[in-house]
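Student: Input upload_4.cif, format and content: mmCIF, C-alpha atoms and all ligand atoms.
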```cif
data_structure
loop_
_atom_site.label_atom_id
_atom_site.label_comp_id
_atom_site.auth_asym_id
_atom_site.auth_seq_id
_atom_site.Cartn_x
_atom_site.Cartn_y
_atom_site.Cartn_z
CA MET A 1 107.86 74.19 101.88
CA ASP A 2 106.33 73.63 105.30
CA ILE A 3 103.30 75.83 105.94
CA ASP A 4 104.33 76.53 109.57
CA VAL A 5 107.54 78.11 108.38
CA VAL A 6 105.42 80.45 106.30
CA SER A 7 103.24 81.33 109.28
CA ASP A 8 106.30 82.27 111.31
CA ALA A 9 107.61 84.47 108.53
CA VAL A 10 104.29 86.27 108.15
CA GLY A 11 104.03 86.87 111.87
CA SER A 12 107.43 88.51 112.16
CA ASP A 13 108.04 92.25 112.15
CA GLN A 14 110.27 92.08 109.09
CA PRO A 15 109.51 94.32 106.09
CA VAL A 16 106.55 93.30 103.99
CA CYS A 17 108.65 92.99 100.84
CA GLY A 18 110.77 90.06 102.02
CA PRO A 19 109.09 87.37 104.11
CA LEU A 20 105.58 88.27 103.04
CA ALA A 21 106.48 87.97 99.41
CA ASP A 22 107.96 84.54 100.15
CA ALA A 23 104.82 83.65 102.06
CA TRP A 24 102.63 84.59 99.14
CA GLU A 25 104.73 82.52 96.79
CA THR A 26 104.41 79.56 99.13
CA LEU A 27 100.70 80.02 99.58
CA SER A 28 100.38 80.24 95.83
CA ASP A 29 102.25 76.96 95.34
CA PHE A 30 100.28 75.14 98.00
CA GLN A 31 98.29 72.20 96.64
CA VAL A 32 95.01 71.26 98.26
CA VAL A 33 94.36 67.58 98.76
CA ALA A 34 90.92 67.59 100.30
CA PRO A 35 88.79 69.99 102.31
CA ALA A 36 89.44 67.99 105.46
CA ASP A 37 93.21 68.28 105.03
CA PRO A 38 94.48 70.11 108.17
CA ASN A 39 96.83 72.07 105.91
CA VAL A 40 93.80 73.78 104.37
CA PHE A 41 92.87 75.24 107.74
CA ALA A 42 96.49 76.26 108.36
CA TYR A 43 96.47 77.91 104.93
CA PHE A 44 93.49 80.08 105.83
CA ARG A 45 94.97 81.00 109.23
CA THR A 46 98.09 82.19 107.41
CA LEU A 47 96.01 83.92 104.75
CA ASP A 48 94.25 85.92 107.48
CA ARG A 49 97.60 87.31 108.63
CA VAL A 50 98.75 88.00 105.07
CA LEU A 51 95.54 89.97 104.44
CA ALA A 52 96.03 91.99 107.64
CA ALA A 53 99.60 92.86 106.62
CA LEU A 54 98.46 93.78 103.11
CA GLY A 55 95.73 96.02 104.54
CA GLU A 56 98.24 97.75 106.84
CA SER A 57 100.54 98.50 103.91
CA GLY A 58 97.64 100.08 102.00
CA GLU A 59 97.10 97.33 99.42
CA VAL A 60 93.33 97.42 99.57
CA GLU A 61 92.49 95.95 96.17
CA PRO A 62 94.01 92.43 96.57
CA VAL A 63 92.47 92.18 100.05
CA GLU A 64 89.01 93.00 98.70
CA THR A 65 89.38 90.55 95.82
CA VAL A 66 90.60 87.73 98.07
CA MET A 67 87.70 88.39 100.46
CA LEU A 68 85.23 87.87 97.60
CA HIS A 69 86.58 84.31 97.25
CA VAL A 70 86.61 83.73 101.02
CA ASP A 71 83.02 84.99 101.29
CA TYR A 72 81.92 82.66 98.48
CA LEU A 73 83.63 79.69 100.12
CA ALA A 74 82.08 80.49 103.50
CA ASP A 75 78.67 80.84 101.90
CA LYS A 76 78.97 77.41 100.27
CA ALA A 77 80.21 75.90 103.57
CA GLY A 78 77.33 77.53 105.44
CA CYS A 79 79.58 79.36 107.88
CA ASP A 80 80.86 82.84 108.61
CA PRO A 81 84.00 84.03 106.70
CA SER A 82 85.65 84.56 110.11
CA VAL A 83 85.45 80.78 110.67
CA VAL A 84 87.31 80.16 107.40
CA LEU A 85 89.99 82.79 108.11
CA GLY A 86 90.23 81.72 111.75
CA GLY A 87 91.40 78.28 110.63
CA GLY A 88 88.17 76.73 111.90
CA ASP A 89 86.68 73.48 110.70
CA PHE A 90 84.36 73.83 107.71
CA THR A 91 83.09 71.37 105.12
CA THR A 92 82.06 71.80 101.54
CA HIS A 93 82.64 70.15 98.17
CA PRO A 94 86.40 69.58 97.48
CA GLN A 95 86.11 71.29 94.09
CA ILE A 96 84.78 74.49 95.71
CA VAL A 97 87.74 74.55 98.12
CA ALA A 98 90.20 73.83 95.32
CA ASP A 99 88.69 76.60 93.15
CA ALA A 100 88.89 79.08 96.02
CA LEU A 101 92.55 78.26 96.63
CA VAL A 102 93.44 78.60 92.96
CA ASN A 103 91.60 81.93 92.67
CA ILE A 104 93.14 83.32 95.87
CA SER A 105 96.59 82.18 94.75
CA LEU A 106 96.16 84.00 91.44
CA VAL A 107 95.26 87.24 93.21
CA LEU A 108 98.27 86.95 95.54
CA GLN A 109 100.65 86.09 92.71
CA GLN A 110 99.41 89.10 90.75
CA SER A 111 99.87 91.27 93.82
CA VAL A 112 103.47 90.06 94.27
CA ARG A 113 104.24 90.72 90.60
CA SER A 114 102.82 94.24 90.57
CA ARG A 115 104.35 95.38 93.85
CA PRO A 116 107.63 97.30 93.74
CA GLU A 117 110.73 95.37 94.81
CA GLN A 118 111.70 97.77 97.56
CA LEU A 119 109.56 100.55 98.97
CA PRO A 120 111.24 103.93 99.45
CA GLU A 121 111.44 104.95 103.09
CA GLY A 122 108.22 106.46 104.47
CA VAL A 123 106.16 105.84 101.32
CA PRO A 124 103.50 103.09 101.43
CA ALA A 125 102.93 100.73 98.52
CA ASP A 126 99.71 102.34 97.24
CA VAL A 127 101.36 105.77 97.00
CA TYR A 128 104.57 104.44 95.46
CA THR A 129 102.69 102.41 92.87
CA LEU A 130 100.78 105.53 91.90
CA ILE A 131 103.99 107.57 91.61
CA LEU A 132 105.45 104.97 89.24
CA GLU A 133 102.23 104.91 87.21
CA ALA A 134 102.11 108.72 86.94
CA GLU A 135 105.76 108.74 85.89
CA ALA A 136 105.06 106.16 83.16
CA LYS A 137 101.80 107.59 81.82
CA LEU A 138 101.69 111.35 82.35
CA ALA A 139 103.49 114.19 80.62
CA GLY A 140 105.51 116.51 82.82
CA TRP A 141 108.76 117.22 84.57
CA CYS A 142 108.31 115.95 88.10
CA SER A 143 111.29 113.70 88.91
CA ARG A 144 110.94 110.54 91.04
CA GLU A 145 112.77 112.31 93.85
CA LYS A 146 110.46 115.31 93.75
CA ALA A 147 107.34 113.10 93.61
CA LEU A 148 108.58 111.14 96.65
CA THR A 149 109.36 114.40 98.46
CA ILE A 150 105.85 115.72 97.84
CA ALA A 151 104.29 112.43 98.93
CA ARG A 152 106.37 112.27 102.13
CA ILE A 153 105.47 115.86 103.05
CA VAL A 154 101.76 115.16 102.57
CA LEU A 155 101.94 111.87 104.51
CA GLU A 156 103.82 113.47 107.41
CA GLU A 157 102.15 116.90 107.60
CA ARG A 158 98.63 115.67 106.74
CA PRO A 159 97.50 118.90 105.00
CA LYS A 160 93.83 119.33 104.13
CA THR A 161 93.90 122.17 101.59
CA CYS A 162 96.67 121.73 99.02
CA VAL A 163 97.18 123.98 96.00
CA GLU A 164 99.34 123.39 92.93
CA ILE A 165 99.90 126.22 90.46
CA GLY A 166 100.91 124.69 87.09
CA VAL A 167 99.56 121.17 86.68
CA PHE A 168 100.40 120.36 83.04
CA GLY A 169 99.86 116.53 82.80
CA GLY A 170 99.57 115.97 86.57
CA ARG A 171 102.96 114.34 87.21
CA SER A 172 103.42 116.28 90.46
CA LEU A 173 99.73 116.66 91.37
CA MET A 174 98.85 112.94 91.32
CA PRO A 175 101.51 111.90 93.89
CA CYS A 176 100.05 114.54 96.22
CA ALA A 177 96.51 113.23 95.57
CA ALA A 178 97.64 109.64 96.23
CA ALA A 179 99.16 110.65 99.57
CA LEU A 180 95.94 112.50 100.51
CA ARG A 181 93.96 109.37 99.68
CA HIS A 182 96.29 107.33 101.87
CA ASN A 183 95.74 109.88 104.68
CA GLY A 184 91.99 109.41 104.27
CA GLY A 185 91.19 113.06 103.49
CA GLY A 186 92.17 116.36 101.92
CA GLU A 187 92.08 117.89 98.45
CA ILE A 188 94.64 119.16 95.98
CA TYR A 189 93.39 122.15 93.98
CA GLY A 190 95.22 122.25 90.65
CA ILE A 191 95.31 125.69 89.01
CA GLU A 192 96.09 125.33 85.33
CA ALA A 193 95.12 127.40 82.28
CA TRP A 194 96.08 124.73 79.69
CA SER A 195 96.44 127.64 77.27
CA PRO A 196 99.46 128.67 75.18
CA ASN A 197 98.42 132.31 75.41
CA VAL A 198 98.47 132.23 79.20
CA ALA A 199 101.69 130.17 79.29
CA ILE A 200 103.59 132.84 77.33
CA GLU A 201 101.68 135.86 78.61
CA ASN A 202 104.89 137.22 80.12
CA ALA A 203 108.18 136.29 78.46
CA THR A 204 110.69 133.90 80.02
CA ASN A 205 113.16 133.27 77.19
CA GLU A 206 112.75 132.77 73.43
CA ALA A 207 113.26 128.99 73.31
CA ASN A 208 110.99 128.41 76.29
CA ASP A 209 108.18 130.63 74.95
CA ASP A 210 108.43 129.02 71.51
CA TRP A 211 108.11 125.54 73.08
CA TRP A 212 105.02 126.48 75.12
CA SER A 213 103.25 128.04 72.13
CA LYS A 214 103.23 124.65 70.31
CA ILE A 215 101.94 122.36 73.05
CA ASP A 216 98.85 120.16 72.51
CA PHE A 217 97.18 121.32 75.73
CA ALA A 218 93.85 119.64 74.85
CA GLY A 219 95.55 116.23 74.70
CA ILE A 220 97.48 116.86 77.94
CA LYS A 221 94.27 117.86 79.71
CA ARG A 222 92.40 114.78 78.42
CA GLU A 223 95.09 112.43 79.75
CA PHE A 224 95.07 114.22 83.11
CA TYR A 225 91.33 113.58 83.59
CA ARG A 226 91.56 110.03 82.24
CA PHE A 227 94.35 109.17 84.70
CA ALA A 228 92.52 110.70 87.71
CA ALA A 229 89.40 108.68 86.89
CA ALA A 230 91.23 105.41 86.15
CA THR A 231 93.16 105.57 89.43
CA ASN A 232 90.12 106.62 91.50
CA LEU A 233 91.86 109.79 92.66
CA THR A 234 89.03 112.16 91.65
CA PRO A 235 87.65 112.54 95.23
CA HIS A 236 90.93 114.25 96.14
CA VAL A 237 91.45 116.31 92.97
CA ARG A 238 89.84 119.70 92.18
CA LEU A 239 90.81 121.45 88.97
CA ILE A 240 90.48 125.21 88.49
CA GLU A 241 91.01 125.91 84.82
CA ALA A 242 92.07 129.56 84.95
CA PRO A 243 95.14 131.78 85.08
CA SER A 244 96.54 131.65 88.61
CA GLY A 245 96.24 135.41 89.04
CA ARG A 246 92.46 135.08 88.83
CA ALA A 247 91.99 132.12 91.20
CA ALA A 248 93.76 133.26 94.38
CA GLY A 249 90.56 134.78 95.81
CA LEU A 250 89.08 131.27 96.11
CA PHE A 251 91.38 130.42 99.02
CA ASP A 252 91.48 131.70 102.58
CA THR A 253 94.06 129.37 104.08
CA ILE A 254 96.38 126.91 102.37
CA ASP A 255 98.20 124.05 104.15
CA PHE A 256 100.45 122.93 101.29
CA LEU A 257 101.39 125.00 98.23
CA HIS A 258 103.34 123.91 95.16
CA ILE A 259 104.34 126.79 92.86
CA ASP A 260 105.21 125.45 89.40
CA GLY A 261 103.28 127.69 86.98
CA SER A 262 104.72 130.25 84.61
CA HIS A 263 108.42 130.81 85.28
CA SER A 264 108.30 134.38 83.96
CA MET A 265 109.58 136.98 86.41
CA VAL A 266 106.18 138.64 86.71
CA ASN A 267 104.06 135.49 87.07
CA ALA A 268 106.37 133.64 89.46
CA ALA A 269 106.54 136.69 91.75
CA GLU A 270 102.78 137.21 91.45
CA ASP A 271 102.13 133.59 92.45
CA VAL A 272 104.25 134.04 95.58
CA ILE A 273 102.57 137.31 96.53
CA LEU A 274 99.03 136.03 95.94
CA TYR A 275 99.37 132.48 97.29
CA ALA A 276 102.33 132.07 99.65
CA ARG A 277 100.90 134.69 102.00
CA LYS A 278 97.81 132.48 102.34
CA VAL A 279 99.81 129.50 103.54
CA ARG A 280 99.18 129.08 107.27
CA SER A 281 102.03 129.41 109.71
CA GLY A 282 103.83 126.02 109.74
CA GLY A 283 102.45 125.14 106.28
CA ILE A 284 104.70 123.99 103.44
CA VAL A 285 105.63 125.67 100.14
CA VAL A 286 107.36 123.76 97.35
CA PHE A 287 108.92 126.11 94.80
CA ASP A 288 110.17 124.71 91.50
CA ASP A 289 113.09 125.76 89.33
CA VAL A 290 114.72 127.93 91.98
CA ASN A 291 117.86 128.21 89.85
CA TRP A 292 116.20 130.13 86.99
CA ALA A 293 117.22 133.79 86.64
CA SER A 294 113.57 134.70 86.05
CA THR A 295 112.40 133.07 89.30
CA ALA A 296 115.03 134.84 91.46
CA PRO A 297 112.72 137.70 92.60
CA ALA A 298 110.00 135.16 93.51
CA ARG A 299 112.54 133.13 95.47
CA ASP A 300 113.64 136.24 97.39
CA LEU A 301 110.02 137.13 98.17
CA LEU A 302 109.47 133.58 99.47
CA GLY A 303 112.53 133.95 101.67
CA ALA A 304 110.82 136.90 103.37
CA LEU A 305 107.89 134.67 104.35
CA CYS A 306 109.36 131.19 104.83
CA ASP A 307 112.37 129.24 106.10
CA VAL A 308 114.07 126.79 103.76
CA VAL A 309 113.60 123.16 104.89
CA THR A 310 115.51 121.46 102.08
CA VAL A 311 116.59 121.96 98.48
CA LEU A 312 116.50 119.17 95.89
CA LYS A 313 119.45 119.14 93.52
CA ASP A 314 119.71 117.91 89.97
CA PRO A 315 121.89 114.76 90.26
CA ALA A 316 123.68 115.47 86.96
CA SER A 317 124.53 119.16 87.33
CA GLY A 318 124.34 119.53 91.11
CA LEU A 319 122.22 122.66 90.59
CA ASP A 320 119.39 123.53 92.97
CA ILE A 321 116.10 122.63 91.27
CA CYS A 322 113.33 122.68 93.83
CA ALA A 323 113.06 124.24 97.28
CA VAL A 324 110.89 123.08 100.18
CA LEU A 325 110.09 125.87 102.63
CA ARG A 326 108.05 126.22 105.81
CA ARG A 327 105.89 129.31 106.36
CA ARG A 328 106.91 131.31 109.42
C1 LIG B 401 106.30 123.61 84.39
S1 LIG B 401 104.69 123.24 83.95
C2 LIG B 401 104.05 122.36 85.32
C3 LIG B 401 104.69 121.03 85.49
C4 LIG B 401 104.04 120.09 86.44
N1 LIG B 401 103.85 120.65 87.76
C5 LIG B 401 104.90 118.83 86.51
O1 LIG B 401 105.55 118.59 87.55
O2 LIG B 401 104.95 118.09 85.54
C6 LIG B 401 103.93 124.81 84.08
C7 LIG B 401 102.44 124.81 83.81
O3 LIG B 401 101.91 126.05 84.25
C8 LIG B 401 100.88 126.45 83.38
N2 LIG B 401 100.75 127.91 83.51
C9 LIG B 401 101.58 128.85 83.02
N3 LIG B 401 101.15 130.08 83.37
C10 LIG B 401 100.03 129.89 84.09
C11 LIG B 401 99.12 130.78 84.74
N4 LIG B 401 99.30 132.10 84.73
N5 LIG B 401 98.06 130.25 85.37
C12 LIG B 401 97.86 128.92 85.43
N6 LIG B 401 98.69 128.02 84.83
C13 LIG B 401 99.76 128.52 84.17
C14 LIG B 401 101.31 125.98 82.02
O4 LIG B 401 100.18 125.80 81.19
C15 LIG B 401 102.04 124.69 82.35
O5 LIG B 401 101.20 123.58 82.19
#
```
Would it be possible to restate this file's structure as structure tokens?
Ligand SMILES: C[S@@+](CC[C@H](N)C(=O)[O-])C[C@H]1O[C@@H](n2cnc3c(N)ncnc32)[C@H](O)[C@@H]1O
Tutor:
Amino acid sequence: MDIDVVSDAVGSDQPVCGPLADAWETLSDFQVVAPADPNVFAYFRTLDRVLAALGESGEVEPVETVMLHVDYLADKAGCDPSVVLGGGDFTTHPQIVADALVNISLVLQQSVRSRPEQLPEGVPADVYTLILEAEAKLAGWCSREKALTIARIVLEERPKTCVEIGVFGGRSLMPCAAALRHNGGGEIYGIEAWSPNVAIENATNEANDDWWSKIDFAGIKREFYRFAAATNLTPHVRLIEAPSGRAAGLFDTIDFLHIDGSHSMVNAAEDVILYARKVRSGGIVVFDDVNWASTAPARDLLGALCDVVTVLKDPASGLDICAVLRRR
């Protein structure tokens, strides 16, 4: 394929997934003949634009890795990396140029392979990749739709102080943390007892209480911390290992609140009374399992403080599962 065709595709405003992916493939296939080949300089001019587009879509890691190879090449050529990426004339040993192209191509190919086919609307690649990873690796109940909803809210509203009551494996907390990282700031405080005694402190129903009394909370907690560290989300995650009723005093104002702790009548209502009142006017509350009989009083209390923005429904049953509300 002609390299100029690739340049045109990269320069267009079309979505990153289509033309850019084609461009990467083409760049990856490109064979270097010699360092003086004018196509080499065209390659690096195109690469510069590919890196800019990758950076804009939040794919920091491949950009950093490619830049290591560009820096090395520039060092060997005795010039600035901006000369290489600007398509300027540089000279070094052909093998060094060939090695750089092969290494850069491998990084770009890997990036194409690991990126999702189609990004959901309003969710950048770094956040979506994290949502898929959390879904695959962490225990919990957060559906794809709910994770995307949380991420979109955080990306649009840009909250600073986020609180989640009921973390379990982190399936809903990590998407929030990934969106905060994308925003460049903010923390999600997870409040989780990881204790069967706390989980069944007040009855919900027999089957539910029996299930919670047999959970390997130590293993769930270990995987939560392992995932946060492996994905570099720890700067945005704070964990308060305590019953929610004892942690409310730590917060003055909350920008984003997710209530998904105990679904017992007492605890769910207590979480609303203690935490939802601390959400600032205009802040967001996500309330899970709105269709449970035991969460009905909590839902009514929330209605006295907030307006409903949207309700997520279970696609199979059509039942309301999760409400998004805005504090008056
Ligand atoms: C439904 S799960 C949370 C699911 C999680 N948000 C997700 O999307 O996968 C409820 C969690 O709340 C925790 N929990 C129950 N009562 C609690 C309390 N009083 N204080 C803190 N955490 C509690 C349980 O240990 C359990 O992990």
Student: So that I can see what lies close to region 256-260 of chain A, please list as a list in words the residues with an atom at most 6 Å from it, counting only C-alpha atoms and leaving out residues fewer than 4 positions away in the same chain.
Tutor: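 Those residues are Cys162, Val163, Glu164, Ile165, Gly166, Gly283, Ile284, Val285, Val286, Phe287 and Asp288 of chain A.
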Student: Give as a list in words every residue, naming chains and numbers as the document does, that has an atom within 9 Å of (100.7, 129.6, 108.1), counting all atoms listed in the file.
Tutor: Thr253, Ile254, Asp255, Ala276, Arg277, Lys278, Val279, Arg280, Ser281, Gly282, Gly283, Ile284, Arg326, Arg327 and Arg328 of chain A
Student: Would you mind reading off the distance between CA of Trp211 (chain A) and CA of Leu148 (chain A), one decimal, in Å?
Tutor: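 The value is 27.6 Å.
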Student: Please list as a list in words every residue within 7 Å of Gly170 (chain A), counting all atoms listed in the file and excluding residues in the same chain fewer than 3 positions away.
Tutor: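 So, after excluding close chain neighbours, the residues are Leu138, Val167, Leu173, Met174 and Phe224 of chain A.
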Student: Name the residues, by chain letter and number, that sit within 7 Å of ligand LIG 401 (chain B) using all atoms listed in the file, and give them as a list in words.
Tutor: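 Taking all atoms listed in the file into account, the residues around ligand LIG 401 (chain B) at most 7 Å away are Ala139, Gly140, Trp141, Cys142, Ile165, Gly166, Val167, Phe168, Gly169, Gly170, Arg171, Ser172, Leu173, Ile191, Glu192, Ala193, Trp194, Ser195, Pro196, Val198, Ala199, Ala242, Pro243, Ser244, Gly245, Asp260, Gly261, Ser262 and Asn267 of chain A.
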Student: Determine the nearest neighbour of Val70 (chain A) from the options A:Leu239, A:Ile215, A:Leu47, A:Leu180, counting only C-alpha atoms.
Tutor: A:Leu47
Student: Suppose you want the space between CA of Asn205 (chain A) and CA of Ala268 (chain A); what is it in Å?
Tutor: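 Distance between the two atoms: 14.0 Å.
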Student: When distances are computed from all atoms listed in the file, which of A:Asp126, A:Asp252, A:Asp300, A:Asp89 shows the smallest separation from Glu59 (chain A)?
Tutor: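 Closest candidate: A:Asp126.
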Student: Could you tell me how far CA of Ala179 (chain A) sits from CA of Ile104 (chain A), in Å to one decimal place?
Tutor: 28.2 Å
Student: Would you mind listing what lies within 12 Å of Gly58 (chain A) as a ChimeraX atom specification, with only C-alpha atoms counted and same-chain residues fewer than 6 positions away left out?
Tutor: /A:16,51-52,64,115,123-130,178-179,181-184
Student: When distances are computed from only C-alpha atoms, which of A:Ala269, A:Ala98, A:Leu274, A:Ala228 shows the smallest separation from Arg246 (chain A)?
Tutor: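 Among the listed residues, the smallest separation from Arg246 (chain A) belongs to A:Leu274.
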Student: Compare A:Val66, A:Cys176, A:Leu85, A:Ala74 by their minimum atom-to-atom distance to Asp48 (chain A), counting all atoms listed in the file, and give me the closest one.
Tutor: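 Residue with the minimum atom-to-atom distance to Asp48 (chain A): A:Leu85.
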Student: Please enclose the listed atoms of region 78-92 of chain A in an axis-aligned box, pad each side by 5 Å, and write out the centre and the three edge lengths in Å, rounded to one decimal, as JSON.
Tutor:
```
{"center_x": 84.4, "center_y": 78.0, "center_z": 106.7, "size_x": 24.1, "size_y": 23.2, "size_z": 20.4}
```
Student: Can you tell me, as a list in words, which residues sit within 7 Å of (108.8, 136.3, 95.4) in the file's frame, using only C-alpha atoms?
Tutor: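 Result, sorted by chain then residue number: Ala268, Ala269, Val272, Ile273, Pro297, Ala298, Arg299, Asp300, Leu301 and Leu302 of chain A.
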Student: Have a look at A:Glu135, A:Asp307, A:Glu201, A:Asp71 and name the one nearest to Ala100 (chain A); count all atoms listed in the file.
Tutor: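 Of the candidates, the smallest distance to Ala100 (chain A) is held by A:Asp71.
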Student: Have a look at A:Val309, A:Ala293, A:Ile240, A:Leu132 and name the one nearest to His263 (chain A); count all atoms listed in the file.
Tutor: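 Closest to His263 (chain A) of all the choices is A:Ala293.
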Student: Pull out region 30-109 of chain A, keep C-alpha atoms, and write it as a PDB file, in the first residue's frame.
Tutor:
```pdb
ATOM      1  CA  PHE A  30       6.220  -1.448   5.704  1.00  0.00           C
ATOM      2  CA  GLN A  31       9.640  -2.778   4.719  1.00  0.00           C
ATOM      3  CA  VAL A  32      12.675  -0.556   5.076  1.00  0.00           C
ATOM      4  CA  VAL A  33      15.176  -0.633   2.247  1.00  0.00           C
ATOM      5  CA  ALA A  34      17.836   1.740   3.481  1.00  0.00           C
ATOM      6  CA  PRO A  35      18.039   4.672   5.867  1.00  0.00           C
ATOM      7  CA  ALA A  36      18.218   7.076   2.944  1.00  0.00           C
ATOM      8  CA  ASP A  37      14.991   5.723   1.453  1.00  0.00           C
ATOM      9  CA  PRO A  38      12.563   8.705   1.341  1.00  0.00           C
ATOM     10  CA  ASN A  39       9.806   6.335   2.474  1.00  0.00           C
ATOM     11  CA  VAL A  40      11.566   6.020   5.836  1.00  0.00           C
ATOM     12  CA  PHE A  41      11.137   9.741   6.437  1.00  0.00           C
ATOM     13  CA  ALA A  42       7.504   9.563   5.290  1.00  0.00           C
ATOM     14  CA  TYR A  43       7.023   6.651   7.702  1.00  0.00           C
ATOM     15  CA  PHE A  44       8.189   8.723  10.658  1.00  0.00           C
ATOM     16  CA  ARG A  45       6.059  11.717   9.626  1.00  0.00           C
ATOM     17  CA  THR A  46       3.039   9.402   9.620  1.00  0.00           C
ATOM     18  CA  LEU A  47       4.135   7.785  12.867  1.00  0.00           C
ATOM     19  CA  ASP A  48       4.168  11.224  14.519  1.00  0.00           C
ATOM     20  CA  ARG A  49       0.492  11.688  13.647  1.00  0.00           C
ATOM     21  CA  VAL A  50      -0.408   8.158  14.736  1.00  0.00           C
ATOM     22  CA  LEU A  51       1.242   8.805  18.121  1.00  0.00           C
ATOM     23  CA  ALA A  52      -0.654  12.091  18.528  1.00  0.00           C
ATOM     24  CA  ALA A  53      -3.963  10.343  17.789  1.00  0.00           C
ATOM     25  CA  LEU A  54      -3.106   7.515  20.186  1.00  0.00           C
ATOM     26  CA  GLY A  55      -2.244  10.032  22.910  1.00  0.00           C
ATOM     27  CA  GLU A  56      -5.543  11.876  22.375  1.00  0.00           C
ATOM     28  CA  SER A  57      -7.501   8.648  22.747  1.00  0.00           C
ATOM     29  CA  GLY A  58      -5.745   7.929  26.055  1.00  0.00           C
ATOM     30  CA  GLU A  59      -3.478   5.097  24.883  1.00  0.00           C
ATOM     31  CA  VAL A  60      -0.429   6.264  26.772  1.00  0.00           C
ATOM     32  CA  GLU A  61       1.484   2.986  27.039  1.00  0.00           C
ATOM     33  CA  PRO A  62       2.108   2.273  23.303  1.00  0.00           C
ATOM     34  CA  VAL A  63       3.098   5.920  22.788  1.00  0.00           C
ATOM     35  CA  GLU A  64       5.679   5.727  25.575  1.00  0.00           C
ATOM     36  CA  THR A  65       7.062   2.431  24.293  1.00  0.00           C
ATOM     37  CA  VAL A  66       7.325   3.670  20.701  1.00  0.00           C
ATOM     38  CA  MET A  67       9.073   6.827  21.934  1.00  0.00           C
ATOM     39  CA  LEU A  68      11.755   4.695  23.612  1.00  0.00           C
ATOM     40  CA  HIS A  69      12.630   3.303  20.157  1.00  0.00           C
ATOM     41  CA  VAL A  70      12.462   6.739  18.508  1.00  0.00           C
ATOM     42  CA  ASP A  71      14.719   8.200  21.222  1.00  0.00           C
ATOM     43  CA  TYR A  72      17.237   5.383  20.736  1.00  0.00           C
ATOM     44  CA  LEU A  73      17.258   5.891  16.975  1.00  0.00           C
ATOM     45  CA  ALA A  74      17.693   9.651  17.339  1.00  0.00           C
ATOM     46  CA  ASP A  75      20.523   9.116  19.805  1.00  0.00           C
ATOM     47  CA  LYS A  76      22.342   6.830  17.368  1.00  0.00           C
ATOM     48  CA  ALA A  77      21.749   9.309  14.515  1.00  0.00           C
ATOM     49  CA  GLY A  78      23.018  12.164  16.686  1.00  0.00           C
ATOM     50  CA  CYS A  79      19.854  14.225  16.303  1.00  0.00           C
ATOM     51  CA  ASP A  80      16.805  15.258  18.283  1.00  0.00           C
ATOM     52  CA  PRO A  81      13.783  12.855  18.287  1.00  0.00           C
ATOM     53  CA  SER A  82      11.714  15.732  16.849  1.00  0.00           C
ATOM     54  CA  VAL A  83      13.885  15.570  13.704  1.00  0.00           C
ATOM     55  CA  VAL A  84      13.075  11.865  13.292  1.00  0.00           C
ATOM     56  CA  LEU A  85       9.334  12.341  13.887  1.00  0.00           C
ATOM     57  CA  GLY A  86       9.281  15.497  11.773  1.00  0.00           C
ATOM     58  CA  GLY A  87      10.338  13.455   8.747  1.00  0.00           C
ATOM     59  CA  GLY A  88      13.708  15.212   8.692  1.00  0.00           C
ATOM     60  CA  ASP A  89      16.862  13.840   7.152  1.00  0.00           C
ATOM     61  CA  PHE A  90      18.955  11.705   9.505  1.00  0.00           C
ATOM     62  CA  THR A  91      21.659   9.121   8.931  1.00  0.00           C
ATOM     63  CA  THR A  92      22.709   6.099  10.896  1.00  0.00           C
ATOM     64  CA  HIS A  93      23.541   2.439  10.303  1.00  0.00           C
ATOM     65  CA  PRO A  94      20.826   0.674   8.197  1.00  0.00           C
ATOM     66  CA  GLN A  95      20.535  -2.108  10.775  1.00  0.00           C
ATOM     67  CA  ILE A  96      19.682   0.398  13.532  1.00  0.00           C
ATOM     68  CA  VAL A  97      16.912   1.895  11.377  1.00  0.00           C
ATOM     69  CA  ALA A  98      15.608  -1.544  10.448  1.00  0.00           C
ATOM     70  CA  ASP A  99      15.600  -2.649  14.112  1.00  0.00           C
ATOM     71  CA  ALA A 100      13.729   0.499  15.148  1.00  0.00           C
ATOM     72  CA  LEU A 101      11.071  -0.069  12.485  1.00  0.00           C
ATOM     73  CA  VAL A 102      10.596  -3.700  13.455  1.00  0.00           C
ATOM     74  CA  ASN A 103      10.331  -2.828  17.159  1.00  0.00           C
ATOM     75  CA  ILE A 104       7.910   0.050  16.540  1.00  0.00           C
ATOM     76  CA  SER A 105       5.804  -2.151  14.259  1.00  0.00           C
ATOM     77  CA  LEU A 106       5.563  -4.800  16.973  1.00  0.00           C
ATOM     78  CA  VAL A 107       4.322  -2.250  19.510  1.00  0.00           C
ATOM     79  CA  LEU A 108       1.713  -0.910  17.063  1.00  0.00           C
ATOM     80  CA  GLN A 109       0.554  -4.391  16.068  1.00  0.00           C
TER      81      GLN A 109
END
```
